[in-house]
$ cat target.txt   # compact mmCIF, C-alpha atoms
# COMPACT_ATOMS: atom_id res chain seq x y z
CA MET A 686 0.00 0.00 0.00
CA ASN A 687 1.53 3.33 -1.05
CA GLY A 688 1.29 6.61 0.78
CA PHE A 689 -1.68 7.93 -1.20
CA GLU A 690 -3.70 4.82 -0.48
CA GLU A 691 -2.93 5.05 3.22
CA VAL A 692 -4.01 8.67 3.31
CA GLY A 693 -7.17 7.75 1.40
CA LEU A 694 -7.92 4.96 3.85
CA TRP A 695 -7.56 7.29 6.79
CA LEU A 696 -9.80 9.84 5.09
CA VAL A 697 -12.48 7.19 4.56
CA ARG A 698 -12.24 6.18 8.22
CA ALA A 699 -12.49 9.80 9.34
CA LEU A 700 -15.49 10.41 7.09
CA ARG A 701 -17.21 7.27 8.39
CA PHE A 702 -16.61 8.41 11.97
CA LEU A 703 -18.02 11.84 11.15
CA GLY A 704 -21.02 10.21 9.46
CA VAL A 705 -21.81 8.13 12.54
CA TYR A 706 -21.33 11.19 14.77
CA ALA A 707 -23.58 13.42 12.63
CA SER A 708 -26.35 10.85 12.17
CA SER A 709 -26.38 9.94 15.88
CA LEU A 710 -26.52 13.61 16.81
CA ALA A 711 -29.40 14.20 14.38
CA PHE A 712 -31.42 11.36 15.91
CA MET A 713 -30.68 12.50 19.44
CA THR A 714 -31.80 16.03 18.52
CA LEU A 715 -35.10 14.57 17.32
CA VAL A 716 -35.49 12.63 20.58
CA SER A 717 -34.72 15.73 22.65
CA ALA A 718 -37.31 17.74 20.77
CA ALA A 719 -39.97 15.03 20.80
CA ALA A 720 -39.73 13.89 24.43
CA PRO A 721 -37.78 16.33 26.64
CA ILE A 722 -39.39 15.16 29.89
CA PHE A 723 -38.77 11.52 29.08
CA LEU A 724 -35.08 12.37 28.68
CA THR A 725 -35.17 14.22 32.00
CA ARG A 726 -36.55 11.07 33.64
CA ILE A 727 -33.80 8.94 32.07
CA VAL A 728 -31.18 11.34 33.46
CA ALA A 729 -32.85 11.19 36.89
CA GLU A 730 -32.77 7.38 36.87
CA ALA A 731 -29.10 7.39 35.84
CA ARG A 732 -28.29 9.81 38.67
CA THR A 733 -30.15 7.97 41.41
CA SER A 734 -29.16 4.38 40.57
CA MET A 735 -26.11 4.56 38.33
CA LYS A 736 -24.62 1.17 39.24
CA ARG A 737 -27.91 -0.65 38.71
CA CYS A 738 -28.47 1.12 35.38
CA PHE A 739 -24.95 0.21 34.25
CA LEU A 740 -25.39 -3.45 35.21
CA TRP A 741 -28.78 -3.73 33.56
CA GLY A 742 -27.37 -2.06 30.44
CA VAL A 743 -24.55 -4.62 30.27
CA VAL A 744 -26.96 -7.53 30.76
CA PHE A 745 -29.44 -6.17 28.21
CA VAL A 746 -26.78 -5.63 25.54
CA LEU A 747 -25.30 -9.08 26.11
CA ASN A 748 -28.76 -10.60 25.98
CA THR A 749 -29.56 -8.85 22.69
CA ILE A 750 -26.23 -9.83 21.13
CA PHE A 751 -26.56 -13.48 22.14
CA MET A 752 -30.17 -13.66 20.97
CA ALA A 753 -29.35 -11.91 17.68
CA GLY A 754 -26.33 -14.17 17.21
CA MET A 755 -28.44 -17.26 17.80
CA ALA A 756 -31.22 -16.03 15.52
CA ALA A 757 -28.76 -15.13 12.75
CA GLN A 758 -27.43 -18.70 12.72
CA SER A 759 -30.81 -20.30 12.12
CA GLY A 760 -31.34 -21.48 8.56
CA ASP A 761 -34.83 -20.15 7.88
CA ILE A 762 -35.95 -16.63 6.91
CA LEU A 763 -37.22 -15.62 10.33
CA GLY A 764 -33.80 -15.88 12.01
CA PRO A 765 -32.02 -13.02 10.21
CA VAL A 766 -35.17 -10.88 10.35
CA VAL A 767 -35.50 -11.34 14.12
CA SER A 768 -31.80 -10.56 14.37
CA ILE A 769 -32.29 -7.30 12.44
CA ALA A 770 -35.29 -6.38 14.62
CA ALA A 771 -33.24 -7.00 17.78
CA ILE A 772 -30.45 -4.76 16.54
CA VAL A 773 -32.88 -2.00 15.52
CA ILE A 774 -34.41 -2.05 19.01
CA LEU A 775 -30.96 -1.99 20.60
CA LEU A 776 -29.94 0.98 18.43
CA LEU A 777 -33.12 2.89 19.34
CA ILE A 778 -32.62 2.32 23.06
CA THR A 779 -28.89 3.11 22.83
CA LEU A 780 -29.49 6.44 21.09
CA HIS A 781 -32.17 7.43 23.62
CA GLY A 782 -29.83 6.59 26.49
CA MET A 783 -26.90 8.32 24.84
CA ALA A 784 -28.98 11.48 24.35
CA ALA A 785 -29.75 11.55 28.08
CA ILE A 786 -26.19 10.84 29.19
CA GLY A 787 -24.80 13.29 26.62
CA THR A 788 -27.10 16.02 27.90
CA GLU A 789 -26.02 15.39 31.48
CA ILE A 790 -22.31 15.36 30.58
CA GLY A 791 -22.74 18.52 28.51
CA LYS A 792 -24.55 20.23 31.38
CA ARG A 793 -21.76 19.42 33.82
CA VAL A 794 -19.01 20.42 31.39
CA LEU A 795 -20.69 23.74 30.67
CA MET A 796 -21.00 24.34 34.41
CA LEU A 797 -17.22 24.01 34.56
CA HIS A 798 -17.15 26.70 31.89
CA ASN A 799 -19.35 28.88 34.16
CA LYS A 800 -22.28 28.56 31.79
CA PRO A 801 -24.98 26.71 33.73
CA ASN A 802 -27.87 28.35 31.86
CA THR A 803 -27.26 26.98 28.40
CA SER A 804 -29.96 25.33 26.32
CA THR A 805 -30.61 21.59 26.30
CA LEU A 806 -29.50 21.46 22.67
CA THR A 807 -26.11 23.01 23.48
CA GLN A 808 -25.70 20.59 26.40
CA LEU A 809 -26.53 17.67 24.12
CA TYR A 810 -24.09 18.76 21.41
CA VAL A 811 -21.25 19.43 23.86
CA GLY A 812 -21.78 16.18 25.77
CA THR A 813 -22.06 14.03 22.64
CA THR A 814 -19.02 15.66 21.06
CA ILE A 815 -16.99 14.99 24.19
CA LEU A 816 -18.13 11.35 24.29
CA PHE A 817 -17.24 10.79 20.62
CA LEU A 818 -13.88 12.53 20.98
CA THR A 819 -13.12 10.44 24.07
CA ALA A 820 -13.88 7.31 22.07
CA LEU A 821 -10.89 8.12 19.84
CA ILE A 822 -8.47 7.34 22.67
CA PRO A 823 -7.28 3.76 22.16
CA ILE A 824 -8.89 1.17 24.50
CA LEU A 825 -9.66 3.60 27.34
CA GLY A 826 -11.85 5.80 25.13
CA TRP A 827 -14.04 2.93 24.05
CA LEU A 828 -14.36 1.76 27.65
CA ILE A 829 -15.57 5.20 28.74
CA LEU A 830 -18.00 5.44 25.83
CA ALA A 831 -19.26 1.91 26.49
CA GLY A 832 -19.74 2.75 30.19
CA ALA A 833 -21.81 5.80 29.26
CA LEU A 834 -23.84 3.79 26.74
CA PHE A 835 -24.54 0.94 29.17
CA THR A 836 -25.65 3.40 31.84
CA GLY A 837 -27.88 5.17 29.33
CA ILE A 838 -29.44 1.90 28.16
CA GLY A 839 -30.13 0.80 31.75
CA ALA A 840 -31.60 4.20 32.62
CA PHE A 841 -33.85 4.04 29.55
CA LEU A 842 -35.10 0.61 30.61
CA GLU A 843 -35.74 1.83 34.17
CA SER A 844 -37.74 4.79 32.82
CA ALA A 845 -39.66 2.52 30.47
CA VAL A 846 -40.62 0.20 33.32
CA GLY A 847 -41.68 3.29 35.29
CA ASP A 848 -43.97 4.26 32.42
CA TYR A 849 -45.65 0.89 32.27
CA THR A 850 -46.08 0.40 36.02
CA ARG A 851 -47.48 3.89 36.64
CA PRO A 852 -51.25 3.88 37.16
CA ARG A 853 -52.94 5.62 34.24
CA MET B 1067 -45.23 13.92 49.10
CA VAL B 1068 -43.21 13.36 46.00
CA GLN B 1069 -39.76 13.45 47.50
CA ASP B 1070 -39.58 9.66 47.47
CA ASP B 1071 -39.64 9.72 43.68
CA PRO B 1072 -36.31 11.15 42.51
CA SER B 1073 -37.37 11.44 38.90
CA LYS B 1074 -40.42 13.46 39.80
CA GLN B 1075 -38.41 15.53 42.23
CA THR B 1076 -35.99 16.42 39.45
CA ILE B 1077 -38.82 17.54 37.24
CA ILE B 1078 -40.27 19.62 40.06
CA ASP B 1079 -36.83 21.12 40.69
CA THR B 1080 -36.56 22.20 37.09
CA GLU B 1081 -40.10 23.52 37.27
CA SER B 1082 -39.48 25.86 40.22
CA PRO B 1083 -39.80 29.60 39.46
CA GLU B 1084 -36.09 30.25 40.08
CA SER B 1085 -35.11 27.47 37.76
CA THR B 1086 -37.55 28.61 35.09
CA ASP B 1087 -36.09 32.09 35.30
CA ARG B 1088 -32.58 30.79 34.88
CA ASN B 1089 -33.24 28.21 32.19
CA SER B 1090 -35.20 29.24 29.17
CA ASP B 1091 -34.43 26.14 27.17
CA PHE B 1092 -36.93 24.12 25.21
CA ALA B 1093 -37.46 21.45 27.86
CA ASN B 1094 -38.48 24.01 30.46
CA ARG B 1095 -40.82 25.74 28.06
CA VAL B 1096 -42.50 22.41 27.42
CA LEU B 1097 -42.67 21.84 31.18
CA GLY B 1098 -44.33 25.24 31.56
CA GLU B 1099 -46.88 24.41 28.89
CA LEU B 1100 -47.65 21.10 30.56
CA LYS B 1101 -48.04 22.81 33.91
CA GLN B 1102 -50.51 25.26 32.41
CA SER B 1103 -52.47 22.47 30.80
CA GLY B 1104 -52.69 20.66 34.15
CA ASP B 1105 -51.25 17.46 32.73
CA MET B 1106 -47.83 17.89 34.22
CA TYR B 1107 -46.46 14.39 34.45
CA GLY B 1108 -48.77 12.14 32.51
CA SER B 1109 -48.46 13.78 29.13
CA LYS B 1110 -48.66 11.27 26.32
CA ARG B 1111 -45.95 13.05 24.37
CA ASP B 1112 -43.38 12.24 27.03
CA ARG B 1113 -44.35 8.69 27.80
CA LEU B 1114 -43.69 5.55 25.86
CA PRO B 1115 -46.64 4.27 23.84
CA PRO B 1116 -48.76 1.50 25.41
CA ALA B 1117 -47.04 -1.89 25.56
CA TRP B 1118 -49.38 -3.44 22.99
CA GLN B 1119 -48.42 -0.74 20.48
CA VAL B 1120 -44.69 -1.28 21.05
CA ILE B 1121 -44.98 -5.06 20.84
CA GLY B 1122 -47.33 -4.74 17.86
CA ALA B 1123 -44.87 -2.46 16.04
CA ILE B 1124 -42.04 -4.96 16.61
CA GLY B 1125 -44.25 -7.82 15.42
CA LEU B 1126 -45.29 -5.82 12.34
CA LEU B 1127 -41.65 -5.01 11.55
CA ILE B 1128 -40.70 -8.68 11.76
CA ALA B 1129 -43.74 -9.79 9.72
CA LEU B 1130 -43.27 -7.25 6.93
CA SER B 1131 -39.52 -7.84 6.78
CA SER B 1132 -40.10 -11.59 6.56
CA VAL B 1133 -42.53 -11.14 3.66
CA VAL B 1134 -40.14 -8.83 1.79
CA VAL B 1135 -37.17 -11.14 2.37
CA ALA B 1136 -39.16 -14.23 1.41
CA LEU B 1137 -40.54 -12.74 -1.81
CA GLY B 1138 -37.35 -11.04 -2.99
CA ASN B 1139 -34.68 -12.57 -5.17
CA PRO B 1140 -31.55 -12.92 -3.01
CA GLU B 1141 -29.35 -12.07 -6.02
CA THR B 1142 -30.74 -8.56 -6.51
CA ASP B 1143 -29.00 -5.46 -5.18
CA TRP B 1144 -32.06 -4.16 -3.38
CA HIS B 1145 -32.40 -7.44 -1.50
CA GLN B 1146 -28.80 -7.24 -0.35
CA ARG B 1147 -29.34 -3.61 0.57
CA PHE B 1148 -32.48 -4.50 2.52
CA LEU B 1149 -30.64 -7.08 4.56
CA THR B 1150 -27.60 -4.93 5.29
CA GLY B 1151 -29.13 -1.46 4.79
CA PHE B 1152 -27.06 1.35 6.12
CA MET B 1153 -26.38 -0.62 9.27
CA ASP B 1154 -24.13 -3.06 7.47
CA GLY B 1155 -21.28 -2.30 9.85
CA VAL B 1156 -23.42 -2.99 12.91
CA LEU B 1157 -24.98 -6.11 11.41
CA MET B 1158 -21.63 -7.47 10.27
CA PHE B 1159 -20.20 -6.80 13.72
CA ILE B 1160 -23.09 -8.64 15.38
CA GLY B 1161 -22.93 -11.47 12.85
CA GLU B 1162 -19.18 -11.88 13.30
CA LEU B 1163 -19.59 -11.68 17.06
CA GLY B 1164 -22.25 -14.38 17.02
CA GLU B 1165 -20.12 -16.53 14.74
CA GLY B 1166 -17.04 -15.90 16.88
CA LEU B 1167 -18.91 -16.83 20.05
CA SER B 1168 -20.18 -20.00 18.42
CA LYS B 1169 -16.67 -20.95 17.21
CA PHE B 1170 -15.18 -20.18 20.60
CA LEU B 1171 -17.74 -22.34 22.39
CA ASN B 1172 -17.34 -25.12 19.82
CA HIS B 1173 -13.60 -25.00 20.35
CA SER B 1174 -13.95 -25.00 24.15
CA PHE B 1175 -16.68 -27.64 24.25
CA PRO B 1176 -16.39 -29.82 21.13
CA ASN B 1177 -19.79 -30.75 19.61
CA LYS B 1178 -21.56 -28.98 22.46
CA GLY B 1179 -20.97 -25.35 21.46
CA GLN B 1180 -24.54 -24.75 20.34
CA HIS B 1181 -25.90 -26.14 23.61
CA TRP B 1182 -23.62 -23.85 25.59
CA LEU B 1183 -24.63 -20.87 23.46
CA THR B 1184 -28.30 -21.64 24.08
CA GLY B 1185 -27.67 -22.16 27.80
CA ILE B 1186 -25.77 -18.89 28.19
CA THR B 1187 -28.47 -17.03 26.24
CA ILE B 1188 -31.19 -18.48 28.49
CA GLY B 1189 -29.13 -17.61 31.60
CA ILE B 1190 -28.63 -14.00 30.52
CA THR B 1191 -32.30 -13.73 29.60
CA ILE B 1192 -33.26 -14.88 33.09
CA ILE B 1193 -30.94 -12.28 34.66
CA ASN B 1194 -32.44 -9.65 32.35
CA LEU B 1195 -35.96 -10.64 33.41
CA GLY B 1196 -34.81 -10.45 37.03
CA PHE B 1197 -33.75 -6.84 36.50
CA LEU B 1198 -37.10 -6.15 34.84
CA LEU B 1199 -39.01 -7.67 37.72
CA THR B 1200 -37.09 -5.88 40.48
CA SER B 1201 -37.38 -2.61 38.58
CA GLY B 1202 -41.14 -3.07 38.31
CA ILE B 1203 -41.38 -3.83 42.04
CA ARG B 1204 -39.33 -0.72 42.87
CA HIS B 1205 -41.56 1.50 40.74
CA LEU B 1206 -44.73 -0.02 42.19
CA GLN B 1207 -43.41 0.60 45.71
CA ARG B 1208 -42.76 4.22 44.81
CA HIS B 1209 -46.30 4.63 43.47
CA ARG B 1210 -47.78 3.02 46.60
CA GLN B 1211 -45.71 5.23 48.91
CA ARG B 1212 -46.77 8.29 46.94
CA SER B 1213 -50.44 7.38 46.95
CA SER B 1214 -50.44 6.48 50.67
CA SER B 1215 -48.76 9.71 51.78
$ encode --input "target.txt" --output "structure tokens"
Amino acid sequence: MNGFEEVGLWLVRALRFLGVYASSLAFMTLVSAAAPIFLTRIVAEARTSMKRCFLWGVVFVLNTIFMAGMAAQSGDILGPVVSIAAIVILLLITLHGMAAIGTEIGKRVLMLHNKPNTSTLTQLYVGTTILFLTALIPILGWLILAGALFTGIGAFLESAVGDYTRPR
Amino acid sequence: MVQDDPSKQTIIDTESPESTDRNSDFANRVLGELKQSGDMYGSKRDRLPPAWQVIGAIGLLIALSSVVVALGNPETDWHQRFLTGFMDGVLMFIGELGEGLSKFLNHSFPNKGQHWLTGITIGITIINLGFLLTSGIRHLQRHRQRSSS
């Protein structure tokens, strides 16, 4: 591989990273606009029972991966389709959780910058950008991002259970 | 009365006059609107849809996808695109992970890898259901405490 090809490869990787960042941010902006109080509840759950949310997030992700892996190996049509459905659900929950955790991180970072009164959108953008930039650090970055994602997923599930157990 | 529910307490904190003065962001404006309408916490826009709708949507997704996949010619580009979509990276990662897990278990437990994979999946599912159950109990206890006080 010559130098030009290496540079090209790195450019493609960078563009892919930016694509994932931009599309995730766009979805999280939609979530923040559509259900701001739901996000507030997810943040509250993550604050009050962080360890439990993290553990449940880990278990839920493992469960989804194992189930999707098993379904994908089955020979008939339904297996891959169930696998796709499981991944879609996991992505939806992950992005909801990440929006909540990103907003909380952004809020705290902006408080360090003596700007506690910023908008939710600014908090979301700052927090998500910091999470994605942290993920670039080898090994440690991914661990931090994964920790935030697991906590967000667990907090989403806690909030969802709260919705369904609340008397209507 | 509501101090036992941290999530509600947080919302009430953000709803206080001082907080509303300080924060003029979108979330607080929505909170203000909800407060005026009298439907502060139970607004449908900020709750998940009913369980039957969520489960129905998942079932519909699986059913429609199965029909499309079954009717389509696997050789065509659109069929490939449907299966991988724009999540090809995620799906390939999951597929490789599942395959890797299966190979690892087959290597560790010759001819019994699939059984181990099934067993581990069932075990994790039980733990997951345990979390679900305890979470439901916790939320129900909160509701009871709130309604009794």
$ residues_around --input "target.txt" --residues "Arg737 (chain A)" --least-positions-apart "2" --cutoff "9 Å" --atoms "all atoms listed in the file" --output "NGL selection string"
(:A and (731 or 734-735 or 739-742 or 836 or 839-840)) or (:B and (1197))
$ residues_near_point --input "target.txt" --point "(-27.3, -11.6, 26.2)" --cutoff "9 Å" --atoms "only C-alpha atoms" --output "ChimeraX atom specification"
/A:743-753 /B:1186-1191,1194
$ atom_distance --input "target.txt" --atom1 "CA of Thr1200 (chain B)" --atom2 "CA of Ile722 (chain A)"
23.7 Å
$ atom_distance --input "target.txt" --atom1 "CA of Val1120 (chain B)" --atom2 "CA of Gly837 (chain A)"
19.8 Å
$ residues_around --input "target.txt" --residues "His1205 (chain B)" --least-positions-apart "3" --cutoff "7 Å" --atoms "all atoms listed in the file" --output "list in words"
Gly847 and Thr850 of chain A; Ser1201, Gly1202, Arg1208 and His1209 of chain B
$ closest_residue --input "target.txt" --among "A:Ala833, A:Leu694, A:Ala771, A:Ala718" --to "Ser804 (chain A)" --atoms "all atoms listed in the file"
A:Ala718
$ atom_distance --input "target.txt" --atom1 "CA of Arg732 (chain A)" --atom2 "CA of Glu843 (chain A)"
11.8 Å
$ axis_aligned_box --input "target.txt" --around "region 1123-1140 of chain B" --padding-each-side "3 Å" --output "JSON"
{"center_x": -38.4, "center_y": -8.3, "center_z": 5.7, "size_x": 19.7, "size_y": 17.8, "size_z": 27.8}
$ closest_residue --input "target.txt" --among "A:Gly693, A:Gly688, A:Gly782, A:Pro801" --to "chain B" --atoms "only C-alpha atoms"
A:Pro801
$ residues_around --input "target.txt" --residues "Leu1171 (chain B)" --least-positions-apart "6" --cutoff "8 Å" --atoms "all atoms listed in the file" --output "PyMOL selection string"
chain B and resi 1178-1180+1182-1183
$ closest_residue --input "target.txt" --among "B:Val1133, B:Gly1164, B:Gln1119, B:Phe1159" --to "chain A" --atoms "all atoms listed in the file"
B:Gly1164
$ closest_residue --input "target.txt" --among "B:Asn1172, B:Gln1207, B:Asn1177, B:Ser1214" --to "chain A" --atoms "all atoms listed in the file"
B:Gln1207
$ residues_around --input "target.txt" --residues "region 727-729 of chain A" --least-positions-apart "4" --cutoff "6 Å" --atoms "all atoms listed in the file" --output "number ranges by chain"
A: 785, 840-841, 844; B: 1073
